[in-house]
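Asker: One structure is given below, represented as structure tokens, and several questions about it will come after.
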Amino acid sequence: MPSSPCAPEEVRRVACVGAGVIGGGWVAHFLARGYDVTAWDPAPDAEEKLRRLVAAAWPALTQIGLADGASPDRLTVAATVEEAVADAQFVQESAPEKLELKRSLLAQLDAAAPPGVVIASSTSGYPMTDMQTEATGPGRLVVGHPFNPPYLIPLVEVVGGEKTDAAAVEWASRFYKVAGKSVITMERELPGFIANRLQEALWREALHMVANGEATVKEIDDSITEGPGLRWAFMGPCLTFALAGGEGGMGHMLDHFGPSLKSPWTRLEAPELDDTLRAAMVDGCDEAAGSRTIAQLVAERDQGVIDVLRATGRLPRQRAEGTDAIAHTPSTMGDEK
Ligand SMILES: NC(=O)C1=CN([C@@H]2O[C@H](COP(=O)(O)OP(=O)(O)OC[C@H]3O[C@@H](n4cnc5c(N)ncnc54)[C@H](O)[C@@H]3O)[C@@H](O)[C@H]2O)C=CC1
Ligand SMILES: C[N+](C)(C)CC(=O)CC(=O)[O-]
């Protein structure tokens, strides 16, 4: 791959190819961040739908803060894919999730985009190795997997394929950060990346339960929005479960509940909980906790749940700040277990 024509901080013009739910969301995000955006989508009504999506997103984007000069007027809709990427400094592809389509479109984008410009695919799960097979310049092709809607959900998972240059992965990761995203740069390819692999496990179980009449759609949704989902908005599943071990943290949690992994709770195969996996989980949680004690993490989690309940209208908002803040002390923490 020729070196990138500009640094991530210098990018002013972005091309979005495919302008449906995700491509349109990306357009709104980049516009709100003050970029000039050129979009292309083959659907006859694509421009009208795209402008509607951007207009609908704009109040939320205004509320969270626009970059200087940001405007929906800085969107241009191109007549051809070649025109869309002709002077782009970054390209985001968001075409339908069909492998053959991705392969030929990425090859087309590689042929048309200026040399060295990084091209990212929004794919939900295809490894780039499988998508870059037809491109003559596969070194600049990366995955940049967003979450819906990309203009509000911060995460982008970035990963290259076997033929992707490490420099392209690094450039894309830096660019997304400059563009206001929260980035996980993956060192190796994994179908579904990290978040969708987790989401799919949950999803597969949900579908098993519905298919077998074991739970309704509402029960499944309520089980998350009234339960673990409240915690996941601010604390991931590993650290959350470390707190299930009380003062013993993840170590005690694994010793106590490890055998449940072998219970027939899921229809997925459980991993072997050997010493290596146990150590990796304990160490990972210790690292994530940093200098925070279990008691401090409990207080943080509890306050976070209150904030989410308030933000989602399930707690009154009128109380003065601080009147119901929960301040766990090490002694109250000790009483819990
Ligand atoms: N919908 C979601 O929640 C998420 C989707 N993604 C990924 O984003 C990509 C797009 O998905 P959606 O926006 O949901 O699909 P969508 O169906 O809403 O939009 C796809 C768009 O691509 C256009 N299109 C069709 N053929 C094309 C071509 N040859 N070149 C360019 N555009 C073409 C369609 O006209 C349509 O507007 C997929 O790779 C998907 O896996 C990623 C994260 C979340
Ligand atoms: C449903 N989906 C697999 C396309 C979802 C994603 O890829 C990410 C998201 O927005 O949850």
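In the structure tokens, each chain is lettered A, B, ... as it comes, each chain's residues begin at 1, and ligands are numbered from 1 in order of appearance.
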Considering only C-alpha atoms and all ligand atoms, give me a table of residues in chain A that are at most 8 Å from ligand 1, with the closest atom pair and distance in Å for each, as CSV.

Answerer:
residue,atom,partner,partner_atom_place_in_ligand_line,distance
A:Val17,CA,ligand 1,31 (C),5.3
A:Gly18,CA,ligand 1,32 (N),3.4
A:Ala19,CA,ligand 1,37 (O),4.7
A:Gly20,CA,ligand 1,19 (O),3.3
A:Val21,CA,ligand 1,13 (O),3.8
A:Ile22,CA,ligand 1,13 (O),3.7
A:Gly23,CA,ligand 1,13 (O),5.4
A:Gly24,CA,ligand 1,13 (O),7.3
A:Trp40,CA,ligand 1,31 (C),6.9
A:Asp41,CA,ligand 1,32 (N),4.6
A:Pro42,CA,ligand 1,35 (O),5.4
A:Ala43,CA,ligand 1,35 (O),4.3
A:Ala46,CA,ligand 1,37 (O),6.2
A:Val81,CA,ligand 1,30 (N),7.8
A:Glu93,CA,ligand 1,31 (C),7.3
A:Ser94,CA,ligand 1,9 (C),4.1
A:Ala95,CA,ligand 1,22 (O),3.8
A:Pro96,CA,ligand 1,20 (C),4.6
A:Glu97,CA,ligand 1,39 (O),4.2
A:Lys98,CA,ligand 1,39 (O),7.5
A:Leu101,CA,ligand 1,29 (N),6.2
A:Lys102,CA,ligand 1,29 (N),7.8
A:Leu105,CA,ligand 1,29 (N),6.1
A:Ser121,CA,ligand 1,39 (O),7.0
A:Ser122,CA,ligand 1,8 (O),4.7
A:Thr123,CA,ligand 1,39 (O),3.5
A:Ser124,CA,ligand 1,41 (O),3.9
A:Gly125,CA,ligand 1,41 (O),6.8
A:His145,CA,ligand 1,42 (C),5.8
A:Pro146,CA,ligand 1,43 (C),4.9
A:Phe147,CA,ligand 1,43 (C),4.8
A:Asn148,CA,ligand 1,3 (O),4.8
A:Pro149,CA,ligand 1,3 (O),7.3

Asker: Counting only C-alpha atoms, what is within 12 Å of A:Leu198, bar same-chain residues fewer than 6 positions away, as a list in words?

Answerer: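 So the residues in contact are Gly125, Leu190, Pro191, Gly192, Arg204, Glu205, Gly236, Pro237 and Cys238 of chain A.
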
Asker: Could you write out, as a ChimeraX atom specification, all the residues of stretch 37-155 of chain A that DSSP marks as helix (DSSP H, G or I)?

Answerer: /A:46-64,72-74,81-85,99-112,128-131,138-140

Asker: So which one's closest to ligand 2, A:Phe257, A:Trp203, A:Phe90, A:Trp265? Using only C-alpha atoms and all ligand atoms, please.

Answerer: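 That would be A:Trp203, the residue with the smallest distance to ligand 2.
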
Asker: What is the atom CA of A:His208-atom 10 (O, counted along the ligand's line) of ligand 2 distance in Å, reported with one decimal?

Answerer: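 For atom CA of A:His208 relative to atom 10 (O, counted along the ligand's line) of ligand 2, the distance reads 21.0 Å.
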